[in-house]
>>> print(open('input_6.pdb').read())   # PDB, C-alpha atoms
MODEL        1
ATOM      1  CA  MET A   1     -30.781  35.457   6.161
ATOM      2  CA  ALA A   2     -28.771  32.322   7.028
ATOM      3  CA  ARG A   3     -29.255  29.372   4.716
ATOM      4  CA  ARG A   4     -31.128  26.466   6.217
ATOM      5  CA  ARG A   5     -29.080  23.277   6.439
ATOM      6  CA  LYS A   6     -30.562  20.418   4.445
ATOM      7  CA  GLY A   7     -31.296  17.185   6.251
ATOM      8  CA  ARG A   8     -32.635  16.222   9.640
ATOM      9  CA  ASN A   9     -31.134  16.759  13.067
ATOM     10  CA  VAL A  10     -29.180  13.567  13.790
ATOM     11  CA  ASN A  11     -26.838  13.391  16.796
ATOM     12  CA  GLY A  12     -24.395  10.715  17.893
ATOM     13  CA  ILE A  13     -21.491   8.497  16.817
ATOM     14  CA  LEU A  14     -21.656   5.589  14.413
ATOM     15  CA  VAL A  15     -18.661   3.272  14.085
ATOM     16  CA  ILE A  16     -18.231   1.850  10.586
ATOM     17  CA  ASP A  17     -16.131  -1.111   9.474
ATOM     18  CA  LYS A  18     -14.752   0.597   6.372
ATOM     19  CA  PRO A  19     -14.377  -1.692   3.343
ATOM     20  CA  ALA A  20     -11.356  -1.586   1.029
ATOM     21  CA  GLY A  21     -11.403   0.308  -2.241
ATOM     22  CA  VAL A  22     -13.348   3.386  -1.124
ATOM     23  CA  THR A  23     -12.345   6.640   0.535
ATOM     24  CA  SER A  24     -13.336   7.557   4.077
ATOM     25  CA  ASN A  25     -15.191  10.582   2.743
ATOM     26  CA  GLY A  26     -17.055   8.372   0.287
ATOM     27  CA  ILE A  27     -18.254   6.201   3.182
ATOM     28  CA  LEU A  28     -19.156   9.300   5.194
ATOM     29  CA  GLN A  29     -21.316  10.700   2.392
ATOM     30  CA  GLN A  30     -23.002   7.325   1.848
ATOM     31  CA  VAL A  31     -23.890   6.918   5.528
ATOM     32  CA  LYS A  32     -24.898  10.575   5.874
ATOM     33  CA  ARG A  33     -27.326   9.996   3.010
ATOM     34  CA  LEU A  34     -28.745   6.879   4.654
ATOM     35  CA  TYR A  35     -29.469   8.864   7.805
ATOM     36  CA  GLY A  36     -30.642  11.956   5.953
ATOM     37  CA  ALA A  37     -28.386  13.849   8.350
ATOM     38  CA  ALA A  38     -27.767  17.572   8.169
ATOM     39  CA  LYS A  39     -24.262  17.501   9.639
ATOM     40  CA  ALA A  40     -21.626  14.755   9.774
ATOM     41  CA  GLY A  41     -17.870  14.215   9.753
ATOM     42  CA  HIS A  42     -15.301  11.473  10.236
ATOM     43  CA  THR A  43     -12.483  11.375  12.775
ATOM     44  CA  GLY A  44      -9.422  10.545  10.728
ATOM     45  CA  ALA A  45      -9.260   9.216   7.192
ATOM     46  CA  LEU A  46      -8.211   5.723   6.193
ATOM     47  CA  ASP A  47      -6.543   5.139   2.821
ATOM     48  CA  PRO A  48      -8.717   3.425   0.190
ATOM     49  CA  LEU A  49      -6.577   0.293   0.655
ATOM     50  CA  ALA A  50      -7.304   0.192   4.395
ATOM     51  CA  THR A  51     -10.279  -1.323   6.196
ATOM     52  CA  GLY A  52     -11.584  -1.237   9.731
ATOM     53  CA  VAL A  53     -12.691   1.134  12.470
ATOM     54  CA  LEU A  54     -13.940   4.487  11.164
ATOM     55  CA  PRO A  55     -15.985   6.503  13.696
ATOM     56  CA  LEU A  56     -18.440   8.947  12.127
ATOM     57  CA  CYS A  57     -19.846  11.897  14.074
ATOM     58  CA  PHE A  58     -23.294  13.385  13.541
ATOM     59  CA  GLY A  59     -24.672  16.703  14.755
ATOM     60  CA  GLU A  60     -23.669  17.558  18.316
ATOM     61  CA  ALA A  61     -21.050  14.768  18.351
ATOM     62  CA  THR A  62     -18.971  16.670  15.772
ATOM     63  CA  LYS A  63     -18.011  19.053  18.593
ATOM     64  CA  PHE A  64     -15.713  16.297  19.898
ATOM     65  CA  SER A  65     -14.289  15.073  16.596
ATOM     66  CA  GLN A  66     -10.899  16.731  17.131
ATOM     67  CA  LEU A  67     -10.461  14.979  20.475
ATOM     68  CA  MET A  68     -11.355  11.705  18.783
ATOM     69  CA  LEU A  69      -8.876  12.436  16.005
ATOM     70  CA  ASP A  70      -6.161  12.898  18.637
ATOM     71  CA  SER A  71      -6.726   9.445  20.144
ATOM     72  CA  ASP A  72      -4.393   6.445  19.936
ATOM     73  CA  LYS A  73      -4.883   3.967  17.090
ATOM     74  CA  ALA A  74      -4.225   0.257  16.507
ATOM     75  CA  TYR A  75      -3.752  -1.682  13.288
ATOM     76  CA  VAL A  76      -2.994  -5.085  11.847
ATOM     77  CA  THR A  77      -0.915  -4.868   8.683
ATOM     78  CA  THR A  78       0.833  -7.103   6.179
ATOM     79  CA  ALA A  79       4.308  -6.044   5.042
ATOM     80  CA  HIS A  80       5.260  -7.321   1.586
ATOM     81  CA  LEU A  81       9.039  -7.634   1.604
ATOM     82  CA  GLY A  82      11.423  -7.072  -1.279
ATOM     83  CA  VAL A  83       9.400  -4.393  -3.094
ATOM     84  CA  ARG A  84       9.269  -0.630  -2.563
ATOM     85  CA  THR A  85       6.502   1.463  -4.101
ATOM     86  CA  GLU A  86       5.915   5.196  -4.612
ATOM     87  CA  THR A  87       3.186   5.303  -1.982
ATOM     88  CA  ALA A  88       4.651   2.634   0.367
ATOM     89  CA  ASP A  89       1.542   0.525  -0.245
ATOM     90  CA  SER A  90       0.317  -1.785  -2.980
ATOM     91  CA  GLU A  91      -1.559   1.015  -4.761
ATOM     92  CA  GLY A  92       1.652   2.753  -5.807
ATOM     93  CA  ALA A  93       3.968   2.042  -8.730
ATOM     94  CA  VAL A  94       6.950  -0.199  -7.988
ATOM     95  CA  VAL A  95      10.179   1.805  -7.674
ATOM     96  CA  GLU A  96      12.611  -0.886  -6.510
ATOM     97  CA  GLU A  97      12.872  -4.644  -6.057
ATOM     98  CA  ARG A  98      15.474  -6.402  -3.931
ATOM     99  CA  PRO A  99      15.879  -9.991  -2.747
ATOM    100  CA  VAL A 100      14.524 -10.891   0.672
ATOM    101  CA  PRO A 101      17.304 -12.201   2.936
ATOM    102  CA  ALA A 102      17.442 -15.977   2.673
ATOM    103  CA  GLY A 103      16.166 -17.820   5.718
ATOM    104  CA  LEU A 104      14.763 -14.712   7.411
ATOM    105  CA  THR A 105      13.966 -15.824  10.959
ATOM    106  CA  GLU A 106      11.556 -14.646  13.600
ATOM    107  CA  GLN A 107      14.529 -13.760  15.799
ATOM    108  CA  ALA A 108      16.060 -11.564  13.078
ATOM    109  CA  VAL A 109      12.778  -9.725  12.540
ATOM    110  CA  GLU A 110      12.244  -9.259  16.288
ATOM    111  CA  ALA A 111      15.688  -7.700  16.594
ATOM    112  CA  VAL A 112      14.719  -5.112  13.972
ATOM    113  CA  LEU A 113      11.283  -4.430  15.441
ATOM    114  CA  ALA A 114      12.820  -3.654  18.834
ATOM    115  CA  ASP A 115      14.357  -0.461  17.396
ATOM    116  CA  PHE A 116      10.956   0.792  16.263
ATOM    117  CA  ARG A 117       9.185   0.493  19.603
ATOM    118  CA  GLY A 118       8.755   3.555  21.796
ATOM    119  CA  ARG A 119       9.306   7.134  20.658
ATOM    120  CA  ILE A 120      10.608   7.387  17.095
ATOM    121  CA  GLU A 121      10.907  10.026  14.362
ATOM    122  CA  GLN A 122       8.958   9.698  11.114
ATOM    123  CA  VAL A 123       9.250  11.670   7.888
ATOM    124  CA  PRO A 124       5.697  11.804   6.463
ATOM    125  CA  SER A 125       5.158  10.330   3.016
ATOM    126  CA  MET A 126       4.691  12.643   0.038
ATOM    127  CA  TYR A 127       1.486  10.676  -0.497
ATOM    128  CA  SER A 128       0.006  11.715   2.851
ATOM    129  CA  ALA A 129      -2.870  14.138   3.423
ATOM    130  CA  LEU A 130      -0.689  16.555   5.405
ATOM    131  CA  LYS A 131      -0.940  20.039   3.968
ATOM    132  CA  HIS A 132       1.766  22.344   2.617
ATOM    133  CA  LYS A 133       0.677  25.886   1.738
ATOM    134  CA  GLY A 134      -2.943  24.799   1.917
ATOM    135  CA  ARG A 135      -2.603  21.774  -0.389
ATOM    136  CA  PRO A 136      -2.278  18.113   0.642
ATOM    137  CA  LEU A 137       1.132  16.616  -0.024
ATOM    138  CA  TYR A 138      -0.289  13.931  -2.313
ATOM    139  CA  GLU A 139      -1.296  16.630  -4.812
ATOM    140  CA  TYR A 140       2.330  17.769  -5.066
ATOM    141  CA  ALA A 141       3.460  14.150  -5.353
ATOM    142  CA  ARG A 142       1.111  13.525  -8.285
ATOM    143  CA  GLU A 143       2.648  16.548 -10.019
ATOM    144  CA  GLY A 144       6.156  15.185  -9.434
ATOM    145  CA  ILE A 145       6.997  17.913  -6.903
ATOM    146  CA  GLU A 146       9.013  16.965  -3.821
ATOM    147  CA  VAL A 147       8.326  19.036  -0.693
ATOM    148  CA  GLU A 148      10.696  19.060   2.267
ATOM    149  CA  ARG A 149       9.024  17.416   5.270
ATOM    150  CA  PRO A 150      10.489  17.656   8.763
ATOM    151  CA  ALA A 151      10.579  14.476  10.831
ATOM    152  CA  ARG A 152       7.833  14.241  13.450
ATOM    153  CA  PRO A 153       7.912  12.374  16.764
ATOM    154  CA  VAL A 154       5.417   9.539  17.219
ATOM    155  CA  THR A 155       5.186   6.746  19.778
ATOM    156  CA  ILE A 156       4.823   3.066  18.937
ATOM    157  CA  TYR A 157       3.338   1.523  22.081
ATOM    158  CA  GLU A 158       3.158  -1.996  20.683
ATOM    159  CA  LEU A 159       4.754  -3.621  17.634
ATOM    160  CA  THR A 160       4.127  -7.365  17.514
ATOM    161  CA  LEU A 161       5.121  -9.911  14.896
ATOM    162  CA  LEU A 162       2.015 -12.019  14.314
ATOM    163  CA  ALA A 163       3.285 -14.215  11.478
ATOM    164  CA  ILE A 164       6.215 -14.596   9.120
ATOM    165  CA  ARG A 165       5.741 -16.172   5.709
ATOM    166  CA  ASP A 166       7.720 -16.378   2.523
ATOM    167  CA  GLY A 167       8.181 -12.701   1.700
ATOM    168  CA  GLU A 168       5.556 -11.353   4.099
ATOM    169  CA  LEU A 169       5.220 -10.224   7.716
ATOM    170  CA  ASP A 170       1.975  -9.740   9.645
ATOM    171  CA  LEU A 171       2.336  -7.035  12.292
ATOM    172  CA  ALA A 172       0.119  -5.579  15.015
ATOM    173  CA  VAL A 173       0.738  -1.912  15.800
ATOM    174  CA  LYS A 174      -0.596   0.366  18.530
ATOM    175  CA  CYS A 175       0.520   3.961  18.209
ATOM    176  CA  THR A 176      -0.145   7.645  18.761
ATOM    177  CA  LYS A 177      -2.053   9.828  16.333
ATOM    178  CA  GLY A 178      -0.161  10.909  13.253
ATOM    179  CA  THR A 179       1.712   7.622  12.870
ATOM    180  CA  TYR A 180       1.975   6.428   9.281
ATOM    181  CA  VAL A 181       1.966   2.642   9.234
ATOM    182  CA  ARG A 182       3.070   2.744   5.593
ATOM    183  CA  ASN A 183       6.206   4.643   6.595
ATOM    184  CA  LEU A 184       6.787   2.299   9.524
ATOM    185  CA  VAL A 185       6.627  -0.764   7.273
ATOM    186  CA  GLU A 186       8.850   0.875   4.665
ATOM    187  CA  ASP A 187      11.450   1.772   7.303
ATOM    188  CA  ILE A 188      11.384  -1.749   8.751
ATOM    189  CA  GLY A 189      11.964  -3.106   5.253
ATOM    190  CA  GLU A 190      14.983  -0.845   4.812
ATOM    191  CA  VAL A 191      16.581  -2.075   8.026
ATOM    192  CA  LEU A 192      15.929  -5.662   6.926
ATOM    193  CA  GLY A 193      17.847  -4.767   3.774
ATOM    194  CA  CYS A 194      15.175  -5.588   1.206
ATOM    195  CA  GLY A 195      12.590  -2.819   1.334
ATOM    196  CA  ALA A 196       8.869  -3.353   1.949
ATOM    197  CA  HIS A 197       5.410  -1.946   1.378
ATOM    198  CA  VAL A 198       1.971  -2.378   2.951
ATOM    199  CA  SER A 199      -0.196  -4.881   1.099
ATOM    200  CA  ALA A 200      -3.021  -4.953   3.679
ATOM    201  CA  LEU A 201      -4.010  -2.637   6.526
ATOM    202  CA  ARG A 202      -6.878  -2.981   8.991
ATOM    203  CA  ARG A 203      -7.549  -0.485  11.783
ATOM    204  CA  THR A 204      -8.687  -2.275  14.921
ATOM    205  CA  LEU A 205      -8.903   0.667  17.357
ATOM    206  CA  ALA A 206      -9.764   4.363  17.049
ATOM    207  CA  SER A 207     -11.276   6.806  19.559
ATOM    208  CA  GLY A 208     -11.591   3.928  22.030
ATOM    209  CA  PHE A 209     -13.800   1.941  19.632
ATOM    210  CA  THR A 210     -12.940  -1.508  18.280
ATOM    211  CA  LEU A 211     -14.196  -3.733  15.484
ATOM    212  CA  GLU A 212     -16.796  -5.115  17.909
ATOM    213  CA  ASP A 213     -18.450  -1.681  17.853
ATOM    214  CA  ALA A 214     -18.403  -1.385  14.069
ATOM    215  CA  HIS A 215     -21.213  -1.802  11.524
ATOM    216  CA  ASP A 216     -21.034  -2.812   7.857
ATOM    217  CA  VAL A 217     -22.382  -0.282   5.394
ATOM    218  CA  ALA A 218     -24.087  -3.110   3.490
ATOM    219  CA  ASP A 219     -26.052  -3.959   6.644
ATOM    220  CA  LEU A 220     -27.129  -0.324   6.985
ATOM    221  CA  GLU A 221     -28.281  -0.323   3.373
ATOM    222  CA  GLN A 222     -30.315  -3.478   3.991
ATOM    223  CA  ARG A 223     -31.941  -2.001   7.090
ATOM    224  CA  ARG A 224     -32.988   1.072   5.120
ATOM    225  CA  GLU A 225     -34.407  -1.075   2.316
ATOM    226  CA  GLN A 226     -36.463  -2.846   4.977
ATOM    227  CA  GLU A 227     -37.518   0.584   6.325
ATOM    228  CA  GLN A 228     -35.859  -0.037   9.689
ATOM    229  CA  SER A 229     -34.674   2.961  11.700
ATOM    230  CA  LEU A 230     -30.905   3.373  11.999
ATOM    231  CA  ASP A 231     -31.036   5.832  14.887
ATOM    232  CA  GLY A 232     -30.807   3.108  17.515
ATOM    233  CA  LEU A 233     -27.287   2.283  16.319
ATOM    234  CA  LEU A 234     -25.955   5.715  17.286
ATOM    235  CA  LEU A 235     -23.762   6.093  20.370
ATOM    236  CA  ALA A 236     -23.701   9.137  22.627
ATOM    237  CA  PRO A 237     -20.562  11.314  22.241
ATOM    238  CA  ASP A 238     -19.392  10.654  25.789
ATOM    239  CA  LYS A 239     -18.701   7.053  24.690
ATOM    240  CA  ALA A 240     -15.628   8.474  22.931
ATOM    241  CA  LEU A 241     -14.536  10.518  25.965
ATOM    242  CA  THR A 242     -14.170   7.810  28.591
ATOM    243  CA  MET A 243     -10.456   8.639  28.957
ATOM    244  CA  PHE A 244     -11.541  11.749  30.886
ATOM    245  CA  PRO A 245     -12.958  11.716  34.447
ATOM    246  CA  GLU A 246     -16.594  12.639  34.997
ATOM    247  CA  LEU A 247     -18.085  15.325  37.195
ATOM    248  CA  ALA A 248     -21.739  15.603  38.197
ATOM    249  CA  LEU A 249     -23.224  19.099  38.515
ATOM    250  CA  GLU A 250     -26.514  20.282  39.950
ATOM    251  CA  GLY A 251     -28.411  23.387  40.960
ATOM    252  CA  PRO A 252     -26.725  26.772  40.383
ATOM    253  CA  ASN A 253     -23.465  25.150  39.239
ATOM    254  CA  LEU A 254     -25.243  23.260  36.464
ATOM    255  CA  ARG A 255     -27.194  26.352  35.379
ATOM    256  CA  SER A 256     -24.013  28.434  35.243
ATOM    257  CA  ILE A 257     -22.157  25.867  33.164
ATOM    258  CA  LEU A 258     -25.078  25.557  30.740
ATOM    259  CA  ASN A 259     -24.989  29.348  30.386
ATOM    260  CA  GLY A 260     -21.299  29.131  29.451
ATOM    261  CA  GLN A 261     -20.016  30.452  32.799
ATOM    262  CA  PRO A 262     -17.204  28.855  34.862
ATOM    263  CA  VAL A 263     -17.989  27.629  38.371
ATOM    264  CA  ARG A 264     -15.924  27.066  41.507
ATOM    265  CA  ILE A 265     -16.335  23.693  43.173
ATOM    266  CA  SER A 266     -14.944  22.890  46.609
ATOM    267  CA  GLY A 267     -13.690  19.465  47.599
ATOM    268  CA  GLN A 268     -12.521  18.571  44.103
ATOM    269  CA  SER A 269      -9.038  18.137  42.640
ATOM    270  CA  LEU A 270      -9.842  17.165  39.030
ATOM    271  CA  THR A 271      -7.753  19.084  36.501
ATOM    272  CA  GLY A 272      -7.705  18.977  32.732
ATOM    273  CA  PRO A 273     -10.604  17.782  30.556
ATOM    274  CA  VAL A 274     -13.647  16.468  32.466
ATOM    275  CA  ARG A 275     -16.936  15.009  31.292
ATOM    276  CA  LEU A 276     -19.818  17.029  32.695
ATOM    277  CA  TYR A 277     -23.191  15.542  33.659
ATOM    278  CA  GLY A 278     -26.363  17.026  35.072
ATOM    279  CA  ASP A 279     -30.070  16.206  35.174
ATOM    280  CA  HIS A 280     -29.148  12.583  34.391
ATOM    281  CA  ARG A 281     -27.526  13.388  31.058
ATOM    282  CA  PHE A 282     -24.198  14.286  29.480
ATOM    283  CA  VAL A 283     -23.987  18.056  29.063
ATOM    284  CA  GLY A 284     -20.514  18.472  27.606
ATOM    285  CA  LEU A 285     -16.804  18.698  28.212
ATOM    286  CA  GLY A 286     -15.191  21.104  30.637
ATOM    287  CA  GLU A 287     -11.732  21.864  31.953
ATOM    288  CA  GLY A 288     -10.822  21.679  35.622
ATOM    289  CA  GLN A 289      -8.325  24.256  36.872
ATOM    290  CA  PRO A 290      -6.826  24.546  40.380
ATOM    291  CA  ASP A 291      -8.501  27.348  42.322
ATOM    292  CA  GLY A 292      -7.054  27.600  45.798
ATOM    293  CA  ASP A 293      -6.905  24.914  48.473
ATOM    294  CA  ASP A 294      -9.192  21.942  47.900
ATOM    295  CA  ALA A 295     -11.143  23.577  45.059
ATOM    296  CA  ILE A 296     -11.203  23.796  41.294
ATOM    297  CA  LYS A 297     -12.652  26.131  38.715
ATOM    298  CA  VAL A 298     -14.562  24.292  35.981
ATOM    299  CA  VAL A 299     -14.611  26.073  32.635
ATOM    300  CA  PRO A 300     -17.095  24.866  29.967
ATOM    301  CA  ARG A 301     -15.340  23.985  26.691
ATOM    302  CA  ARG A 302     -17.770  21.973  24.530
ATOM    303  CA  LEU A 303     -21.437  21.840  25.528
ATOM    304  CA  VAL A 304     -24.138  19.782  23.816
ATOM    305  CA  SER A 305     -27.585  21.104  23.046
ATOM    306  CA  SER A 306     -30.152  20.668  25.784
ATOM    307  CA  SER A 307     -32.680  19.590  23.150
ATOM    308  CA  TRP A 308     -30.739  16.473  22.354
TER     309      TRP A 308
ENDMDL
END
>>> encode(input="input_6.pdb", output="structure tokens")
Amino acid sequence: MARRRKGRNVNGILVIDKPAGVTSNGILQQVKRLYGAAKAGHTGALDPLATGVLPLCFGEATKFSQLMLDSDKAYVTTAHLGVRTETADSEGAVVEERPVPAGLTEQAVEAVLADFRGRIEQVPSMYSALKHKGRPLYEYAREGIEVERPARPVTIYELTLLAIRDGELDLAVKCTKGTYVRNLVEDIGEVLGCGAHVSALRRTLASGFTLEDAHDVADLEQRREQEQSLDGLLLAPDKALTMFPELALEGPNLRSILNGQPVRISGQSLTGPVRLYGDHRFVGLGEGQPDGDDAIKVVPRRLVSSSW
């Protein structure tokens, strides 16, 4: 007999403003406990040093966590110049110190940043969570083992110099999934000739959510102490899928989709992922495929429970 999952049936997305000094999984477990939820997951870890937007998925919303993980991200970071560390951030041991170029100007920094905009190649850090033979790279790094890592293509949509101070740069970055801001800052430091590491990192965008959508864990704790319900803070999963067009279904087409069967719809040209709605509610994600002239076949991919 299957084991019964502990906790109550909680469904939806909660965006957290992650504080520094804790892991993303630590925050997830804390919030999961506050909700008494049976099932929960996050959509892309932030380093303990980092703060900012961390969407958490509960129940039926976890069906879309991979799509959320694949979304573009945005950050504000501080690059500390003249010092390289093992981890490319301030939590790692210092491995090299070099003088910062005297009189470093905004123009000189802008000239370097220009080469990092657009499609670039990154070699992931040994202190990343990428896995090699089933183990995260950071475990090998802690054992002093170096693993060969192929360069990976990423796209830097925006790279803006916000401020330049004595030995520090503030940068805003918008990028594709899989971009390591630590590596980006370290590489910028190398081109500047002095090395650099991340001393502060704040994620401002993930899965389409911003800091305006985010809640402090301390506020959630206070609400629970005051015996206030937290369920009203949850967002429906389609809030994270607004990059996909929507399609309304009714009658036999809706019944077929809910039974996991594809349907043919005339007068439509939508292809790729589509948000599916019926009976005035979100029913899941489908895929539109061309099916003859002026028609598509809609295949159900991720459906949410009708009891939600």
>>> resolve_selection(input="input_6.pdb", expression="the PyMOL selection byres ((chain A and resi 51-62) around 9)", output="number ranges by chain")
A: 9-21, 24, 28, 31-32, 37-50, 63-66, 68, 75, 200-207, 209-211, 213-214, 234, 236-238, 303-305, 308
>>> axis_aligned_box(input="input_6.pdb", around="range 277-286 of chain A", padding_each_side="8 Å", output="AutoDock Vina command-line options")
--center_x -22.6 --center_y 16.8 --center_z 31.4 --size_x 30.9 --size_y 24.5 --size_z 23.6
>>> atom_distance(input="input_6.pdb", atom1="CA of Leu169 in chain A", atom2="CA of His80 in chain A")
6.8 Å
>>> closest_residue(input="input_6.pdb", among="A:His197, A:Arg142, A:Lys174, A:Lys131", to="Leu81 in chain A", atoms="all atoms listed in the file")
A:His197
>>> residues_around(input="input_6.pdb", residues="range 243-255 of chain A", least_positions_apart="6", cutoff="7 Å", atoms="all atoms listed in the file", output="PyMOL selection string")
chain A and resi 263+273-278
>>> resolve_selection(input="input_6.pdb", expression="the PyMOL selection byres ((chain A and resi 181-195) around 9)", output="number ranges by chain")
A: 75, 77-84, 87-89, 96-101, 108-109, 112-113, 116, 122-125, 173, 179-180, 196-198, 201
>>> atom_distance(input="input_6.pdb", atom1="CA of Thr242 in chain A", atom2="CA of Thr176 in chain A")
17.1 Å
>>> residues_around(input="input_6.pdb", residues="Thr155 in chain A", least_positions_apart="6", cutoff="8 Å", atoms="all atoms listed in the file", output="ChimeraX atom specification")
/A:117-120,175-176,179
